2 protein chains.
Amino acid sequence: MTTRSSDVTDVTPATVAAVQRTLDGRWHALRDEIRARDDFATLRVDPGTDVESYRAAIGEMLARLADDGHAVHGFPTAVGGRGDIGGSVVSFEMLAFADLSLQVKSGVQWGLFGGAIQALGNAEQHQRYLPAVMDLSLPGCFAMTETGHGSDVQSVHTTATYDAATGEFVVDTPTESARKDYIGNAARDGRIAAVFVQLYSRDERHGVHAVLVPLRDPDGTVLPGVEITDDGHKEGLNGVDNGRLAFHGVRVPRENLLDRYGTVAEDGTYSSSIESENRRFFTMLGALVRGRVSVSGSAVGAASLAQTIAVRYGEARRQFAAPGSDDEIAVLDYLAHQRKLLPGLARTYALRFAQNELVEMLHDIQTTREAGGDVDEKRQRELESRAAGTKALTTWHATATIQACREACGGQGYLSENRLGQLRADTDVFTTFEGDNTVLLQLVAKGLISGYADDFGHLDTLGTVRFVADQVLDTVAERTSLRQLTERLRAVAPGRDEDDVLDRSWQVKLLDDREEHTLDSLVRRLRRAREKGISAERQFAIFNNAQDHLLRAARSHLDGLVLDAFVRAIDACVDPSAQRLLGQVCDLYALSLIEEDKGWFLEHGRMSAARAKAVTAEVNRLCQALRPHARALVDAFGIPESWIGAPIATGAETRRQDEARAHAASLR
Amino acid sequence: MTTRSSDVTDVTPATVAAVQRTLDGRWHALRDEIRARDDFATLRVDPGTDVESYRAAIGEMLARLADDGHAVHGFPTAVGGRGDIGGSVVSFEMLAFADLSLQVKSGVQWGLFGGAIQALGNAEQHQRYLPAVMDLSLPGCFAMTETGHGSDVQSVHTTATYDAATGEFVVDTPTESARKDYIGNAARDGRIAAVFVQLYSRDERHGVHAVLVPLRDPDGTVLPGVEITDDGHKEGLNGVDNGRLAFHGVRVPRENLLDRYGTVAEDGTYSSSIESENRRFFTMLGALVRGRVSVSGSAVGAASLAQTIAVRYGEARRQFAAPGSDDEIAVLDYLAHQRKLLPGLARTYALRFAQNELVEMLHDIQTTREAGGDVDEKRQRELESRAAGTKALTTWHATATIQACREACGGQGYLSENRLGQLRADTDVFTTFEGDNTVLLQLVAKGLISGYADDFGHLDTLGTVRFVADQVLDTVAERTSLRQLTERLRAVAPGRDEDDVLDRSWQVKLLDDREEHTLDSLVRRLRRAREKGISAERQFAIFNNAQDHLLRAARSHLDGLVLDAFVRAIDACVDPSAQRLLGQVCDLYALSLIEEDKGWFLEHGRMSAARAKAVTAEVNRLCQALRPHARALVDAFGIPESWIGAPIATGAETRRQDEARAHAASLR
């Protein structure tokens with residue numbers, strides 16, 4: 001391997017600590033607080049456990065968490081919470097190192113169910129319900145998705161019809177397709193559910209709202225009119241009791257409507273602060289964005305755990321004797337093995353920094369709003385877009401990288417004791433729940449096209465077509481922040497030759513150009529849908545033919561955002577040695593990203609063939625240059641030793657290799 | 001969508017039948033025989049079943065298969081088998097539609113354990129053991145892999161030392177690392193194992209051989225000196241009782257050595273028909289190639305089942321209303337959804353044809369050899385190379401495409417009842433067992449470099465370096481068959497414009513060029529290891545720096561082989577309508593493959609930017625053109641309705657959509 005002057009050689013424990021501090025971000029103290037929990041390693045269920053026992057064990061663990069006050073972070077201080085929204089996301093994320101069923105079950109109770117009451121309920125409802133949500137005396141469900149409507153939740157079919165005679169809502173499931181489905185806490189524990197319904201009063205439909213509907217008596221008996229079926233065994237997350245809910249003329253008092261964005265008076269008069277039904281719906285959805293941010297954090301956590309296991313094993317595991325030696329070679333010394341693991345590791349770093357920025361943005365916006373402050377509508381939409389896009393990237397990354405880690409650990413990776421199989425299975429659903437990733441990328445793309453315009457940028461895929469048909473499409477989102485960054489980087493990295501693929505400003509500029517070109521050409525394509533007299537079918541065809549282009553535009557934008565976040569994190573790091581190491585990891589991230597899409601860059605004249613080959617050569621070189629620091633890089637994730645669990649990563653393989661070598665020596 | 005004259009419009013049931021016949025290949029009658037089994041749908045265990053019950057259920061099902069004579073296909077007629085080697089692979093593959101644990105368990109008993117006796121044992125051993133292997137009265141294990149040596153099985157540490165005083169071998173496990181690990185049938189059912197050991201007699205080591213070692217009494221009691229531990233719960237395949245075996249001074253009679261390739265006389269004299277220990281080892285491994293071919297077939301089967309489920313659901317499932325209509329759009333009508341599923345479907349077709357050719361090659365070579373005929377050594381090595389390479393492609397494809405199918409089915413895909421999660425988990429280990437895919441690709445590359453030279457081309461990665469250092473590297477494998485094919489295709493496809501990306505000869509030529517260039521430049525790189533006075537470390541560095549190049553060379557070669565197989569299958573298809581449909585599927589396969597690697601083609605001046613864009617546009621167009629035939633394409637896999645199992649693919653979703661639409665209509 002050729003060495004470069006930028007190669008890092010001095011990685012000390014202090015460097016690792018400084019890198020960890022940078023990865024930990026604003027909530028580093030909370031992370032340390034949770035790391036100090038000595039019982040955390042016991043919060044894990046053997047994956048061979050049968051479904052009923054698994055659910056029971058997770059139920060007990062959740063109660064322990066509740067007793068320890070794990071739930072308090074995100075709830076308002078007025079009801080006994082800490083009012084720390086970012087902290088709630090971080091504490092949720094850390095549970096990825098324990099058991100993902102426990103994590104998701106906690107997310108159902110405190111994030112989704114509690115979060116719905118918090119975001120959509122009034123102050124009285126907060127006082128009435130949230131303390132019992134936090135201490136788990138009221139286990140609840142978040143019942144939005146229906147069997148027939150998952151991505152298009154604006155079209156749910158469950159109804160709640162106001163009966164002014166009794167002052168009650170009557171909740172109904174008209175068809176099998178309208179059952180609430182995959183609902184966590186439904187099959188076993190839930191006593192009440194926030195049910196998303198089409199709200200009717202005075203024979204008029206007012207769009208989607210959430211109503212609290214009791215499901216079970218305190219003794220667990222299902223209430224009359226409520227029909228619960230079990231979703232049964234799943235690919236993963238079998239400690240979560242997902243089920244289906246159907247309602248047959250179930251009556252709940254008027255006060256059960258979570259009515260922050262729309263209310264029904266005693267006489268049935270409907271009123272809302274937001275006139276447009278469409279806007280009201282998306283405002284409600286936007287208020288629930290925390291769930292998506294949380295899943296994204298969990299994906300990053302799971303990826304970092306898998307990489308910790310695979311890198312440790314890759315260092316301990318040896319196969320095939322070295323030339324001219326009896327010693328076998330550590331598998332992580334093979335380039336192919338480095339290629340399997342290290343670019344993915346660099347990407348986890350990048351996504352961790354993007355996630356940290358997302359959590360800060362969420363925290364700042366929602367904290368301002370909860371304090372009664374004003375939040376710019378456009379800023380809120382940017383948050384939603386960023387949450388959607390980051391969640392898509394992190395969850396796809398988790399799926400891919402945990403898979404690569406499993407393969408890198410061979411047969412050992414297939415044994416449940418080494419956790420990788422379960423991590424993969426448990427996180428697999430992340431790419432399609434809390435928003436299907438493909439649909440989420442469309443939301444990102446639409447935000448870019450419209451500049452986050454008001455009536456646009458949400459889940460309805462065909463909205464694009466209508467928008468394009470109705471509007472003048474000349475407001476392409478500003479990319480000035482990227483531009484400015486490029487300029488700034490040119491200033492801060494003066495020593496580097498611009499012909500060098502390690503020139504950061506070149507890397508940033510390349511991604512920036514791709515985003516600009518992809519978006520501009522997309523807009524040109526979609527404009528055709530504005531031609532006069534064009535049919536609805538033809539409009540759809542124009543949109544549909546450009547769908548892969550649309551998804552590419554979203555990805556290009558997000559790749560730029562993630563690289564920005566990485567660069568900002570390096571800037572913010574105060575330890576010079578850590579900063580250099582992070583710089584090399586960032587190079588590996590940026591160049592492997594560019595390598596992956598080099599077809600596009602070549603096709604569009606953004607890179608010469610020689611430059612493309614230099615990128616591949618440098619990715620290989622960086623893999624080898626970072627190889628000696630691979631262990632330091634996973635140590636900086638700061639996962640306490642007792643939480644790792646996998647025997648192959650915690651000494652078993654090293655012990656076996658030592659024994660085998662001693663035995664071989666004794667024979668010589 | 002623009003239509004083309006080559007677009008298929010007339011897909012009738014007869015077309016589907018003709019496509020199925022082409023996919024079924026030479027063993028189509030056997031496939032039909034197995035399809036007619038009306039109990040096949042019952043050969044499946046609920047994935048939520050606990051490990052012990054799962055194992056027990058699979059044990060019972062395996063006994064049913066044995067009673068039905070499922071095992072007879074591949075065994076010699078002399079012991080009551082059918083002597084149909086290809087048939088044994090096909091009948092194994094069909095079990096992928098039942099339960100993969102059952103399939104793998106059957107593979108352990110009849111393929112690996114029985115296969116080892118068949119391939120490595122003498123005629124007397126065949127007579128003595130094989131009937132009991134077939135009827136399952138002697139459940140056995142194939143104990144090759146050790147905890148410490150999986151890829152490098154030539155270095156296993158278990159020993160069998162001949163004791164001339166008693167005429168016995170003494171079998172020992174010197175260290176924990178030397179335990180036989182992941183051994184199917186070990187934890188519960190195995191009564192005997194074919195144990196791969198370093199053979200010692202008269203104080204001399206003779207390399208790896210297999211010895212039959214009894215494990216348990218007929219009543220299941222573990223025998224003295226044998227230590228069995230359970231591998232426990234796994235990511236998948238939990239119906240297979242994998243375990244670890246250790247031996248402490250276990251004595252077995254001399255006759256237990258499977259001695260076709262090396263034997264020990266009563267006095268301890270060792271003799272073998274193959275003098276070189278290295279060559280003997282690889283000859284033995286080569287004789288066991290059927291296992292790899294079988295896993296490859298299973299991967300194709302599992303992929304086709306997953307795609308059958310996902311395509312059927314994609315047609316039934318609807319989301320988001322169509323513009324200007326109350327009807328929702330079938331998700332498979334979205335380009336993004338087609339992109340998720342259809343190129344993968346085309347690849348399953350391609351790999352099915354490559355697999356068919358591989359099975360024929362295996363069958364012809366092994367049948368010739370079993371009949372006492374001569375098989376050219378080079379032809380045998382080509383078989384091994386092709387088995388290794390095809391297995392790597394099919395198993396990685398299965399992992400990727402089942403994952404894509406799961407995501408395409410959203411939450412439904414996560415429910416175990418719809419099978420996708422379990423298919424993914426069960427097949428996940430395929431990429432690393434029966435040879436780690438990365439190691440297998442290296443074997444392919446080495447065969448190409450050496451022209452399948454005698455002392456080269458096998459598992460030892462560092463062998464490359466030594467070989468390169470020792471030999472003149474000018475024998476690059478012949479690629480004449482590809483060349484000839486190109487010429488032939490130019491002749492048979494005269495009507496098509498050469499500028500058209502649908503020109504098959506252009507597609508073939510492009511892959512051919514890539515293979516040639518990649519291989520030639522690889523050889524140039526590796527030649528540097530031949531420079532005088534070069535150190536062992538430097539030799540390793542040269543090999544290691546080129547490892548990704550080596551893997552790319554293997555992939556390029558294999559991609560060409562697969563496309564060839566597709567083209568030959570189209571040629572052999574006699575139904576014109578089926579032929580045209582297969583031609584379009586082949587276009588989608590070839591162009592999506594080219595699109596995936598367009599960076600390389602552009603970088604190496606093999607394709608213009610305009611052509612690269614045309615490829616992407618045509619992939620999109622083909623996805624839409626094939627969309628109406630997607631159901632026909634999965635129907636042609638010929639999976640009987642009752643075997644599919646997944647409710648979302650067998651009417652539940654259609655029924656729900658119909659009900660929801662009727663309900664909506666009743667409200668209007």
# chains A, B, ... in the order shown; residues from 1 in each chain; ligands from 1
>>> closest_atom_pairs(of="segment 51-99 of chain B", to="segment 635-659 of chain B", cutoff="12 Å", atoms="only C-alpha atoms", output="CSV")
residue,atom,partner,partner_atom,distance
B:Met94,CA,B:Ile639,CA,9.3
B:Leu95,CA,B:Trp643,CA,10.4
B:Ala96,CA,B:Trp643,CA,10.3
B:Phe97,CA,B:Trp643,CA,6.5
B:Ala98,CA,B:Trp643,CA,6.9
B:Asp99,CA,B:Trp643,CA,10.2
>>> write_last_selection(atoms="N, CA and C atoms", output="compact mmCIF listing (two decimals), in the first residue's frame")
# COMPACT_ATOMS: atom_id res chain seq x y z
N MET B 94 -36.53 -28.93 -5.56
CA MET B 94 -37.99 -28.75 -5.44
C MET B 94 -38.42 -28.64 -3.97
N LEU B 95 -37.62 -29.19 -3.07
CA LEU B 95 -37.97 -29.10 -1.64
C LEU B 95 -37.89 -27.66 -1.13
N ALA B 96 -37.26 -26.77 -1.90
CA ALA B 96 -37.22 -25.36 -1.50
C ALA B 96 -38.64 -24.79 -1.42
N PHE B 97 -39.57 -25.38 -2.14
CA PHE B 97 -40.96 -24.90 -2.11
C PHE B 97 -41.71 -25.40 -0.88
N ALA B 98 -41.16 -26.45 -0.26
CA ALA B 98 -41.76 -26.93 0.99
C ALA B 98 -41.10 -26.15 2.13
N ASP B 99 -40.29 -26.82 2.91
CA ASP B 99 -39.65 -26.16 4.05
C ASP B 99 -38.15 -26.27 3.84
>>> residues_around(residues="Lys234 of chain A", least_positions_apart="3", cutoff="6 Å", atoms="only C-alpha atoms", output="number ranges by chain")
B: 414-416
>>> residues_around(residues="Ile228 of chain B", least_positions_apart="4", cutoff="10 Å", atoms="only C-alpha atoms", output="number ranges by chain")
B: 179-181, 186-188, 215-216, 222-223, 243-247
>>> write_last_selection(atoms="N, CA and C atoms", output="PDB file, in the first residue's frame")
ATOM      1  N   ARG B 179     -12.925 -28.510  16.884  1.00  0.00           N
ATOM      2  CA  ARG B 179     -14.272 -29.110  16.920  1.00  0.00           C
ATOM      3  C   ARG B 179     -14.897 -29.048  15.539  1.00  0.00           C
ATOM      4  N   LYS B 180     -15.594 -30.087  15.162  1.00  0.00           N
ATOM      5  CA  LYS B 180     -16.421 -30.008  13.958  1.00  0.00           C
ATOM      6  C   LYS B 180     -17.628 -29.138  14.321  1.00  0.00           C
ATOM      7  N   ASP B 181     -17.942 -28.184  13.482  1.00  0.00           N
ATOM      8  CA  ASP B 181     -18.947 -27.188  13.882  1.00  0.00           C
ATOM      9  C   ASP B 181     -19.997 -26.990  12.787  1.00  0.00           C
ATOM     10  N   ALA B 186     -26.087 -33.349  13.874  1.00  0.00           N
ATOM     11  CA  ALA B 186     -25.223 -33.662  15.017  1.00  0.00           C
ATOM     12  C   ALA B 186     -25.949 -33.496  16.343  1.00  0.00           C
ATOM     13  N   ALA B 187     -26.755 -32.464  16.461  1.00  0.00           N
ATOM     14  CA  ALA B 187     -27.295 -32.124  17.780  1.00  0.00           C
ATOM     15  C   ALA B 187     -28.375 -33.100  18.246  1.00  0.00           C
ATOM     16  N   ARG B 188     -29.029 -33.790  17.301  1.00  0.00           N
ATOM     17  CA  ARG B 188     -30.185 -34.587  17.704  1.00  0.00           C
ATOM     18  C   ARG B 188     -30.198 -35.984  17.119  1.00  0.00           C
ATOM     19  N   LEU B 215     -21.491 -42.064  16.434  1.00  0.00           N
ATOM     20  CA  LEU B 215     -21.721 -41.003  17.417  1.00  0.00           C
ATOM     21  C   LEU B 215     -22.656 -41.435  18.536  1.00  0.00           C
ATOM     22  N   ARG B 216     -23.704 -42.133  18.138  1.00  0.00           N
ATOM     23  CA  ARG B 216     -24.741 -42.475  19.106  1.00  0.00           C
ATOM     24  C   ARG B 216     -25.143 -43.939  18.929  1.00  0.00           C
ATOM     25  N   VAL B 222     -25.193 -40.978  23.432  1.00  0.00           N
ATOM     26  CA  VAL B 222     -23.909 -40.574  22.845  1.00  0.00           C
ATOM     27  C   VAL B 222     -22.819 -41.545  23.309  1.00  0.00           C
ATOM     28  N   LEU B 223     -21.981 -41.966  22.375  1.00  0.00           N
ATOM     29  CA  LEU B 223     -20.968 -42.983  22.663  1.00  0.00           C
ATOM     30  C   LEU B 223     -19.787 -42.387  23.441  1.00  0.00           C
ATOM     31  N   GLY B 243     -24.840 -28.983  15.226  1.00  0.00           N
ATOM     32  CA  GLY B 243     -24.111 -29.101  16.482  1.00  0.00           C
ATOM     33  C   GLY B 243     -22.617 -29.202  16.254  1.00  0.00           C
ATOM     34  N   ARG B 244     -21.929 -29.355  17.375  1.00  0.00           N
ATOM     35  CA  ARG B 244     -20.462 -29.448  17.343  1.00  0.00           C
ATOM     36  C   ARG B 244     -20.049 -30.831  17.833  1.00  0.00           C
ATOM     37  N   LEU B 245     -19.025 -31.370  17.193  1.00  0.00           N
ATOM     38  CA  LEU B 245     -18.542 -32.691  17.550  1.00  0.00           C
ATOM     39  C   LEU B 245     -17.080 -32.600  17.977  1.00  0.00           C
ATOM     40  N   ALA B 246     -16.769 -33.222  19.098  1.00  0.00           N
ATOM     41  CA  ALA B 246     -15.365 -33.357  19.490  1.00  0.00           C
ATOM     42  C   ALA B 246     -15.122 -34.822  19.835  1.00  0.00           C
ATOM     43  N   PHE B 247     -13.926 -35.298  19.530  1.00  0.00           N
ATOM     44  CA  PHE B 247     -13.590 -36.709  19.734  1.00  0.00           C
ATOM     45  C   PHE B 247     -12.371 -36.806  20.637  1.00  0.00           C
TER      46      PHE B 247
END
>>> residues_around(residues="Pro343 of chain A", least_positions_apart="4", cutoff="9 Å", atoms="only C-alpha atoms", output="list in words")
Gln338, Arg339, Arg347, Thr348, Val585, Leu588, Tyr589, Ser592, Leu593, Val619 and Cys623 of chain A
>>> residues_around(residues="Ala350 of chain B", least_positions_apart="2", cutoff="7 Å", atoms="only C-alpha atoms", output="ChimeraX atom specification")
/B:346-348,352-354,562-563,566
>>> atom_distance(atom1="atom CA of Ala116 of chain A", atom2="atom CA of His73 of chain A")
15.6 Å
